[in-house]
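Source file: model14.cif (mmCIF, C-alpha atoms and all ligand atoms)
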data_final
loop_
_atom_site.label_atom_id
_atom_site.label_comp_id
_atom_site.auth_asym_id
_atom_site.auth_seq_id
_atom_site.Cartn_x
_atom_site.Cartn_y
_atom_site.Cartn_z
CA MET K 590 -50.95 -2.52 1.64
CA ALA K 591 -52.64 -5.72 2.76
CA LYS K 592 -56.27 -6.23 1.83
CA ARG K 593 -58.80 -5.65 4.61
CA PRO K 594 -60.61 -8.89 5.51
CA ILE K 595 -64.32 -9.27 4.81
CA ILE K 596 -66.27 -8.52 7.98
CA ALA K 597 -69.43 -10.58 8.48
CA ARG K 598 -71.91 -9.81 11.24
CA SER K 599 -74.79 -12.13 10.37
CA VAL K 600 -74.97 -15.82 9.46
CA PRO K 601 -76.26 -15.18 5.91
CA THR K 602 -73.41 -12.70 5.25
CA LEU K 603 -70.93 -15.21 6.64
CA ARG K 604 -72.24 -18.03 4.43
CA LYS K 605 -72.12 -15.79 1.36
CA ALA K 606 -68.53 -14.83 2.11
CA LEU K 607 -67.47 -18.45 2.65
CA ALA K 608 -69.15 -19.82 -0.50
CA PRO K 609 -66.42 -18.80 -3.00
CA PHE K 610 -63.70 -20.27 -0.74
CA ARG K 611 -65.56 -23.57 -0.64
CA LYS K 612 -66.27 -23.52 -4.36
CA LYS K 613 -62.54 -23.20 -5.04
CA GLY K 614 -61.88 -26.16 -2.74
CA ASP K 615 -59.81 -24.05 -0.35
CA ARG K 616 -59.28 -25.44 3.14
CA ILE K 617 -60.63 -23.17 5.86
CA ALA K 618 -59.04 -22.59 9.27
CA LEU K 619 -60.92 -20.96 12.12
CA VAL K 620 -59.37 -19.08 15.04
CA PRO K 621 -62.05 -18.34 17.66
CA THR K 622 -61.32 -15.30 19.85
CA MET K 623 -62.99 -12.75 22.08
CA GLY K 624 -60.99 -9.94 20.49
CA ALA K 625 -58.59 -7.58 22.31
CA LEU K 626 -56.04 -9.36 20.18
CA HIS K 627 -52.42 -9.83 21.18
CA GLN K 628 -49.43 -11.76 19.89
CA GLY K 629 -50.88 -15.01 21.29
CA HIS K 630 -53.92 -14.72 19.03
CA LEU K 631 -51.75 -13.68 16.09
CA THR K 632 -49.59 -16.77 16.59
CA LEU K 633 -52.75 -18.87 16.22
CA VAL K 634 -53.42 -17.01 12.96
CA LYS K 635 -49.89 -17.76 11.77
CA GLU K 636 -50.38 -21.45 12.52
CA ALA K 637 -53.74 -21.29 10.74
CA HIS K 638 -52.07 -20.03 7.55
CA LYS K 639 -49.80 -23.10 7.61
CA ARG K 640 -52.78 -25.43 7.65
CA ALA K 641 -55.31 -23.87 5.30
CA GLU K 642 -55.63 -21.59 2.27
CA ARG K 643 -58.24 -19.42 4.02
CA VAL K 644 -58.19 -18.09 7.57
CA VAL K 645 -61.30 -16.99 9.43
CA VAL K 646 -61.00 -15.27 12.82
CA SER K 647 -64.10 -14.97 14.94
CA ILE K 648 -64.44 -12.13 17.41
CA PHE K 649 -67.25 -12.58 19.86
CA VAL K 650 -67.33 -11.80 23.58
CA ASN K 651 -69.62 -14.66 24.47
CA PRO K 652 -72.10 -13.68 27.20
CA THR K 653 -73.04 -17.29 28.03
CA GLN K 654 -69.58 -18.14 29.38
CA PHE K 655 -69.56 -15.32 31.92
CA ALA K 656 -71.32 -15.50 35.30
CA PRO K 657 -73.27 -12.37 36.29
CA HIS K 658 -70.49 -11.26 38.70
CA GLU K 659 -67.73 -11.72 36.10
CA ASP K 660 -66.14 -9.21 33.71
CA PHE K 661 -68.41 -9.46 30.62
CA GLY K 662 -69.22 -5.73 30.77
CA SER K 663 -65.65 -4.56 31.27
CA TYR K 664 -63.92 -7.12 29.01
CA PRO K 665 -61.66 -5.12 26.66
CA ARG K 666 -63.22 -4.45 23.25
CA THR K 667 -60.81 -3.10 20.63
CA PHE K 668 -62.50 -4.02 17.35
CA ASP K 669 -60.87 -1.41 15.10
CA SER K 670 -57.32 -2.19 16.13
CA ASP K 671 -58.14 -5.92 16.02
CA VAL K 672 -59.22 -5.60 12.37
CA LYS K 673 -56.05 -3.65 11.63
CA ALA K 674 -53.90 -6.42 13.15
CA LEU K 675 -55.88 -9.08 11.26
CA THR K 676 -55.43 -7.16 8.01
CA GLU K 677 -51.67 -7.23 8.53
CA ALA K 678 -51.93 -10.93 9.41
CA LYS K 679 -53.65 -11.52 6.01
CA VAL K 680 -56.83 -12.93 7.47
CA ASP K 681 -59.53 -13.53 4.85
CA LEU K 682 -62.64 -13.13 6.94
CA VAL K 683 -63.59 -11.73 10.34
CA TRP K 684 -66.70 -13.34 11.77
CA ALA K 685 -67.98 -10.83 14.32
CA PRO K 686 -71.60 -11.76 14.97
CA THR K 687 -73.85 -9.49 16.93
CA ALA K 688 -75.26 -11.03 20.13
CA ALA K 689 -78.64 -11.26 18.37
CA ALA K 690 -77.12 -13.15 15.44
CA MET K 691 -75.52 -15.67 17.78
CA TYR K 692 -78.39 -15.96 20.27
CA PRO K 693 -81.62 -14.92 18.56
CA GLU K 694 -84.75 -14.37 20.61
CA GLY K 695 -85.98 -17.75 21.84
CA PHE K 696 -82.57 -19.47 21.75
CA ALA K 697 -82.95 -22.49 24.06
CA THR K 698 -80.15 -25.03 23.58
CA ARG K 699 -77.01 -25.50 25.63
CA ILE K 700 -74.28 -28.14 25.46
CA ALA K 701 -73.42 -29.82 28.78
CA PRO K 702 -69.83 -31.11 28.55
CA GLU K 703 -68.59 -33.70 31.03
CA GLY K 704 -65.23 -35.45 31.43
CA ALA K 705 -62.44 -32.86 31.38
CA ALA K 706 -65.09 -30.13 31.78
CA LEU K 707 -65.81 -31.47 35.28
CA ALA K 708 -62.18 -31.92 36.35
CA GLY K 709 -62.52 -29.57 39.32
CA LEU K 710 -60.26 -26.87 37.85
CA GLU K 711 -61.81 -23.88 36.00
CA ASP K 712 -65.22 -25.54 36.27
CA LYS K 713 -65.04 -25.39 40.07
CA PHE K 714 -64.58 -21.62 40.04
CA ARG K 715 -66.54 -20.82 36.87
CA PRO K 716 -69.38 -23.37 36.72
CA HIS K 717 -70.99 -21.52 33.75
CA PHE K 718 -67.86 -21.50 31.71
CA PHE K 719 -67.54 -24.73 29.73
CA GLY K 720 -71.24 -25.00 28.95
CA GLY K 721 -71.00 -21.51 27.45
CA VAL K 722 -67.74 -22.21 25.62
CA THR K 723 -68.87 -25.52 24.07
CA THR K 724 -72.22 -24.05 23.05
CA VAL K 725 -70.63 -21.11 21.27
CA VAL K 726 -67.75 -23.13 19.79
CA SER K 727 -70.13 -25.76 18.41
CA LYS K 728 -72.13 -22.93 16.84
CA LEU K 729 -68.95 -21.38 15.40
CA PHE K 730 -68.01 -24.78 13.95
CA THR K 731 -71.39 -25.26 12.28
CA GLN K 732 -71.48 -21.64 11.07
CA VAL K 733 -67.98 -21.61 9.55
CA MET K 734 -67.56 -25.37 8.90
CA PRO K 735 -63.78 -25.11 9.17
CA ASP K 736 -61.44 -27.96 8.27
CA VAL K 737 -59.21 -27.01 11.18
CA ALA K 738 -59.66 -24.87 14.29
CA LEU K 739 -56.82 -23.50 16.38
CA PHE K 740 -56.91 -23.02 20.14
CA GLY K 741 -54.23 -21.91 22.59
CA GLN K 742 -52.72 -24.24 25.16
CA LYS K 743 -52.90 -21.16 27.41
CA ASP K 744 -56.51 -22.23 28.10
CA TYR K 745 -55.53 -25.85 28.53
CA GLN K 746 -58.72 -27.25 30.03
CA GLN K 747 -60.71 -25.46 27.32
CA LEU K 748 -58.51 -27.06 24.64
CA ARG K 749 -59.15 -30.52 26.12
CA VAL K 750 -62.90 -29.92 26.43
CA VAL K 751 -63.27 -28.57 22.88
CA THR K 752 -61.17 -31.44 21.46
CA GLN K 753 -63.42 -33.95 23.22
CA MET K 754 -66.58 -32.17 22.11
CA ALA K 755 -65.54 -32.24 18.44
CA LYS K 756 -64.81 -35.96 18.78
CA ASP K 757 -67.99 -36.81 20.68
CA LEU K 758 -70.25 -34.89 18.30
CA ASP K 759 -68.45 -36.19 15.17
CA LEU K 760 -67.77 -32.62 14.08
CA PRO K 761 -65.63 -32.79 10.93
CA VAL K 762 -62.96 -30.41 12.18
CA LYS K 763 -59.41 -30.99 13.37
CA VAL K 764 -58.77 -29.18 16.65
CA VAL K 765 -55.16 -28.05 16.97
CA GLY K 766 -53.53 -26.77 20.19
CA VAL K 767 -50.88 -24.05 19.91
CA PRO K 768 -48.19 -23.48 22.60
CA THR K 769 -48.60 -20.48 24.90
CA VAL K 770 -46.98 -17.22 23.84
CA ARG K 771 -45.29 -15.43 26.73
CA GLU K 772 -43.75 -12.09 27.61
CA LYS K 773 -39.96 -12.03 28.11
CA ASP K 774 -40.46 -12.43 31.87
CA GLY K 775 -42.61 -15.54 31.38
CA LEU K 776 -46.08 -14.02 31.86
CA ALA K 777 -48.54 -15.71 29.49
CA LEU K 778 -50.08 -13.14 27.14
CA SER K 779 -53.74 -12.56 27.93
CA SER K 780 -56.30 -9.90 27.08
CA ARG K 781 -56.91 -9.67 30.84
CA ASN K 782 -53.30 -8.59 31.49
CA ALA K 783 -54.58 -5.12 30.52
CA TYR K 784 -56.37 -5.04 33.90
CA LEU K 785 -53.12 -5.28 35.88
CA SER K 786 -51.75 -2.23 37.69
CA LEU K 787 -48.01 -1.60 37.37
CA PRO K 788 -47.13 -3.25 40.71
CA GLU K 789 -49.41 -6.19 39.86
CA ARG K 790 -47.73 -6.53 36.48
CA THR K 791 -44.34 -6.97 38.17
CA LEU K 792 -45.76 -9.74 40.40
CA ALA K 793 -47.73 -11.51 37.66
CA PRO K 794 -44.81 -13.62 36.28
CA THR K 795 -44.72 -15.46 39.64
CA LEU K 796 -47.27 -17.91 38.22
CA ALA K 797 -45.10 -18.92 35.27
CA ARG K 798 -41.98 -19.02 37.44
CA VAL K 799 -43.60 -21.33 40.02
CA LEU K 800 -45.00 -23.59 37.28
CA LYS K 801 -41.59 -23.91 35.67
CA ALA K 802 -39.75 -24.60 38.94
CA SER K 803 -42.43 -27.10 40.05
CA ALA K 804 -42.23 -28.96 36.72
CA VAL K 805 -38.45 -29.30 37.10
CA ARG K 806 -38.79 -30.63 40.66
CA ILE K 807 -41.55 -33.10 39.77
CA LYS K 808 -39.53 -34.34 36.80
CA LYS K 809 -36.62 -34.97 39.20
CA GLY K 810 -38.90 -37.20 41.26
CA GLU K 811 -39.79 -34.96 44.23
CA PRO K 812 -43.17 -35.79 45.80
CA ILE K 813 -45.85 -34.07 43.70
CA GLU K 814 -48.13 -32.94 46.53
CA MET K 815 -45.20 -31.42 48.48
CA VAL K 816 -43.99 -29.49 45.43
CA LEU K 817 -47.52 -28.20 44.77
CA GLU K 818 -48.05 -27.22 48.41
CA GLU K 819 -44.83 -25.16 48.35
CA GLY K 820 -45.82 -23.67 45.01
CA ARG K 821 -49.21 -22.58 46.34
CA ALA K 822 -47.50 -21.00 49.35
CA GLU K 823 -45.05 -19.10 47.11
CA ILE K 824 -47.86 -17.76 44.93
CA ALA K 825 -49.89 -16.70 47.98
CA GLN K 826 -46.77 -15.11 49.48
CA ALA K 827 -46.42 -12.94 46.35
CA GLY K 828 -49.90 -11.53 47.02
CA PHE K 829 -52.19 -13.74 44.93
CA ALA K 830 -55.36 -15.44 46.13
CA VAL K 831 -54.79 -18.97 44.82
CA ASP K 832 -57.77 -20.80 43.27
CA TYR K 833 -55.73 -23.90 42.42
CA LEU K 834 -52.31 -25.24 41.55
CA GLU K 835 -52.75 -28.85 40.46
CA ALA K 836 -50.95 -31.68 38.68
CA ARG K 837 -53.26 -33.52 36.29
CA HIS K 838 -53.10 -36.14 33.58
CA ALA K 839 -52.38 -34.10 30.45
CA VAL K 840 -55.22 -35.71 28.45
CA SER K 841 -57.98 -36.69 30.89
CA LEU K 842 -57.15 -33.95 33.44
CA ALA K 843 -57.77 -36.57 36.16
CA PRO K 844 -55.75 -36.15 39.37
CA ILE K 845 -52.35 -37.79 39.15
CA ALA K 846 -50.19 -38.94 42.04
CA SER K 847 -47.03 -40.10 40.33
CA LEU K 848 -44.82 -39.36 37.33
CA LYS K 849 -45.29 -42.89 36.02
CA ASP K 850 -49.05 -42.31 35.60
CA GLY K 851 -47.99 -39.39 33.41
CA PRO K 852 -47.96 -37.27 30.99
CA ILE K 853 -48.49 -34.54 33.58
CA ARG K 854 -49.77 -31.00 33.09
CA LEU K 855 -49.49 -28.44 35.89
CA LEU K 856 -52.34 -25.93 35.94
CA VAL K 857 -52.74 -22.79 38.01
CA ALA K 858 -55.36 -20.10 38.54
CA ALA K 859 -54.99 -17.21 40.95
CA LYS K 860 -56.32 -13.73 41.50
CA LEU K 861 -54.09 -10.70 41.73
CA GLY K 862 -56.29 -7.88 43.03
CA LYS K 863 -59.37 -8.06 40.82
CA THR K 864 -57.64 -9.84 37.94
CA ARG K 865 -57.90 -13.61 37.63
CA LEU K 866 -54.96 -15.18 35.77
CA ILE K 867 -54.52 -18.77 34.55
CA ASP K 868 -51.50 -20.61 33.22
CA ASN K 869 -50.21 -24.15 32.72
CA ILE K 870 -47.13 -26.10 31.67
CA GLY K 871 -46.20 -29.65 30.69
CA VAL K 872 -43.89 -31.67 32.99
P1 LIG G 901 -59.53 -15.44 24.06
O1 LIG G 901 -59.68 -14.30 23.12
O2 LIG G 901 -58.82 -15.10 25.32
O3 LIG G 901 -60.80 -16.23 24.26
O4 LIG G 901 -58.55 -16.43 23.33
C1 LIG G 901 -58.77 -16.88 22.03
C2 LIG G 901 -57.80 -17.99 21.72
O5 LIG G 901 -56.47 -17.52 21.85
C3 LIG G 901 -57.93 -19.18 22.69
O6 LIG G 901 -57.80 -20.40 21.96
C4 LIG G 901 -56.79 -18.96 23.63
O7 LIG G 901 -56.32 -20.15 24.22
C5 LIG G 901 -55.73 -18.37 22.69
N1 LIG G 901 -54.74 -17.64 23.46
C6 LIG G 901 -54.95 -16.68 24.40
N2 LIG G 901 -53.78 -16.28 24.95
C7 LIG G 901 -52.82 -17.02 24.34
C8 LIG G 901 -51.39 -17.08 24.47
N3 LIG G 901 -50.73 -16.31 25.34
N4 LIG G 901 -50.72 -17.94 23.70
C9 LIG G 901 -51.39 -18.75 22.81
N5 LIG G 901 -52.71 -18.73 22.64
C10 LIG G 901 -53.43 -17.89 23.38
#
Turn the structure described in the file into structure tokens.
Ligand code: AMP
Amino acid sequence: MAKRPIIARSVPTLRKALAPFRKKGDRIALVPTMGALHQGHLTLVKEAHKRAERVVVSIFVNPTQFAPHEDFGSYPRTFDSDVKALTEAKVDLVWAPTAAAMYPEGFATRIAPEGAALAGLEDKFRPHFFGGVTTVVSKLFTQVMPDVALFGQKDYQQLRVVTQMAKDLDLPVKVVGVPTVREKDGLALSSRNAYLSLPERTLAPTLARVLKASAVRIKKGEPIEMVLEEGRAEIAQAGFAVDYLEARHAVSLAPIASLKDGPIRLLVAAKLGKTRLIDNIGV
């Protein structure tokens, strides 16, 4: 039977657990998560094992990246089964801070990312989000001091923002993006898929299907705005409320009008009933 990972809930416990890894000269990989783990997260863990001798997974549902009307309270929390999955995945350490360990009384500092964090995508609909994400990720980086940190391309804007933050703040960590893991029907795995009713679940792959078809058409040279307009209509027709379907420069996330200004990333966010889903694909 695989050995259960060490579980640390306070910064001193975390530091104590990391010390022997460091002393041995082992490289450390960090996979930040909010728990409710699925095969997407476990793929990040697998990639982490390829890049470091020790793998740390953080589980923290970060209150500062949720707006008051969002799903912080109802976000799925499945700690025991998460630890079981991480045991099987041979993770060395689970960093699961309490809210008080992460944000002690009097906490008063927040990172304000710009650039890709102000691209007019997720930030337009979740203005709290990237400030909360960069604040907690910078704390995770200084707490764990990983050599490498793995993030999913599923949250593409987040991956760009975190990569930029590490560079701008000279954080000595290599940020690695891992391709999105999908269900057989194309739906990107997400902890929030658990919110979908059965009929919603059958409609949900529309997002991935439209992204894929749009990417093919744009690559063939069809006018980008026309393809996107038709894509938005198809997603709305399926019953979603579309937040955005956009073509952006894959690195800067700036608007892009033509293939030759490329590499292009298509990004979508839409609500199906109460569930907000996001996805993206390269052209
Ligand atoms: P979350 O727990 O949703 O905050 O996600 C934690 C990490 O897992 C983030 O870096 C996500 O981008 C990544 N992730 C979530 N879903 C997927 C997926 N379907 N494929 C690959 N990575 C994912």
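Distances to Leu603 of chain K were evaluated for K:Arg616, K:Arg643, K:Pro686, K:Tyr692 using all atoms listed in the file, and the minimum falls at K:Pro686.
Closest approach to ligand LIG 901 (chain G) among K:Tyr745, K:Phe719, K:Phe829, K:Tyr784: K:Tyr745, based on only C-alpha atoms and all ligand atoms.
For the choices K:Val722, K:Ala678, K:Ala697, K:Ala688, the atom-to-atom distance to Ser599 of chain K is smallest for K:Ala688 when using only C-alpha atoms.
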Open item on the list: Under the rule that all atoms listed in the file are counted, which of K:Gly704, K:Pro657, K:Pro594, K:Pro621 is the nearest residue to Leu729 of chain K?
Closed with: K:Pro621
Task: Selected residue, from K:Val750, K:Ile870, K:Leu675, K:Val620, that lies nearest to Asp712 of chain K when counting all atoms listed in the file - done: K:Val750
- [ ] May I have the protein, DNA and RNA residues with any atom at most 12 Å from the point (-61.0, -37.7, 34.0), counting all atoms listed in the file, written as a ChimeraX atom specification?
- [x] /K:703-710,746,749-750,753,837-845
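Counting all atoms listed in the file, the residue from K:Arg593, K:Lys605, K:His638, K:Lys773 that sits nearest to ligand LIG 901 (chain G) is K:Lys773.
The binding environment of ligand LIG 901 (chain G), defined as every protein, DNA or RNA residue with an atom no more than 6 Å away and counting all atoms listed in the file, comprises Pro621, Thr622, Met623, Gly624, Gly629, His630, Phe740, Gly741, Gln742, Lys743, Asp744, Pro768, Thr769, Val770, Arg771, Ala777, Leu778 and Ser779 of chain K.
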Resulting file, chosen residues, C-alpha atoms, as an mmCIF file, in the coordinates of the input:
data_model
loop_
_atom_site.group_PDB
_atom_site.id
_atom_site.type_symbol
_atom_site.label_atom_id
_atom_site.label_comp_id
_atom_site.auth_asym_id
_atom_site.auth_seq_id
_atom_site.Cartn_x
_atom_site.Cartn_y
_atom_site.Cartn_z
ATOM 1 C CA PRO K 621 -62.050 -18.340 17.660
ATOM 2 C CA THR K 622 -61.320 -15.300 19.850
ATOM 3 C CA MET K 623 -62.990 -12.750 22.080
ATOM 4 C CA GLY K 624 -60.990 -9.940 20.490
ATOM 5 C CA GLY K 629 -50.880 -15.010 21.290
ATOM 6 C CA HIS K 630 -53.920 -14.720 19.030
ATOM 7 C CA PHE K 740 -56.910 -23.020 20.140
ATOM 8 C CA GLY K 741 -54.230 -21.910 22.590
ATOM 9 C CA GLN K 742 -52.720 -24.240 25.160
ATOM 10 C CA LYS K 743 -52.900 -21.160 27.410
ATOM 11 C CA ASP K 744 -56.510 -22.230 28.100
ATOM 12 C CA PRO K 768 -48.190 -23.480 22.600
ATOM 13 C CA THR K 769 -48.600 -20.480 24.900
ATOM 14 C CA VAL K 770 -46.980 -17.220 23.840
ATOM 15 C CA ARG K 771 -45.290 -15.430 26.730
ATOM 16 C CA ALA K 777 -48.540 -15.710 29.490
ATOM 17 C CA LEU K 778 -50.080 -13.140 27.140
ATOM 18 C CA SER K 779 -53.740 -12.560 27.930
#
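The two atoms in question, atom CA of Lys679 of chain K and atom CA of Val767 of chain K, are spaced 18.9 Å apart.
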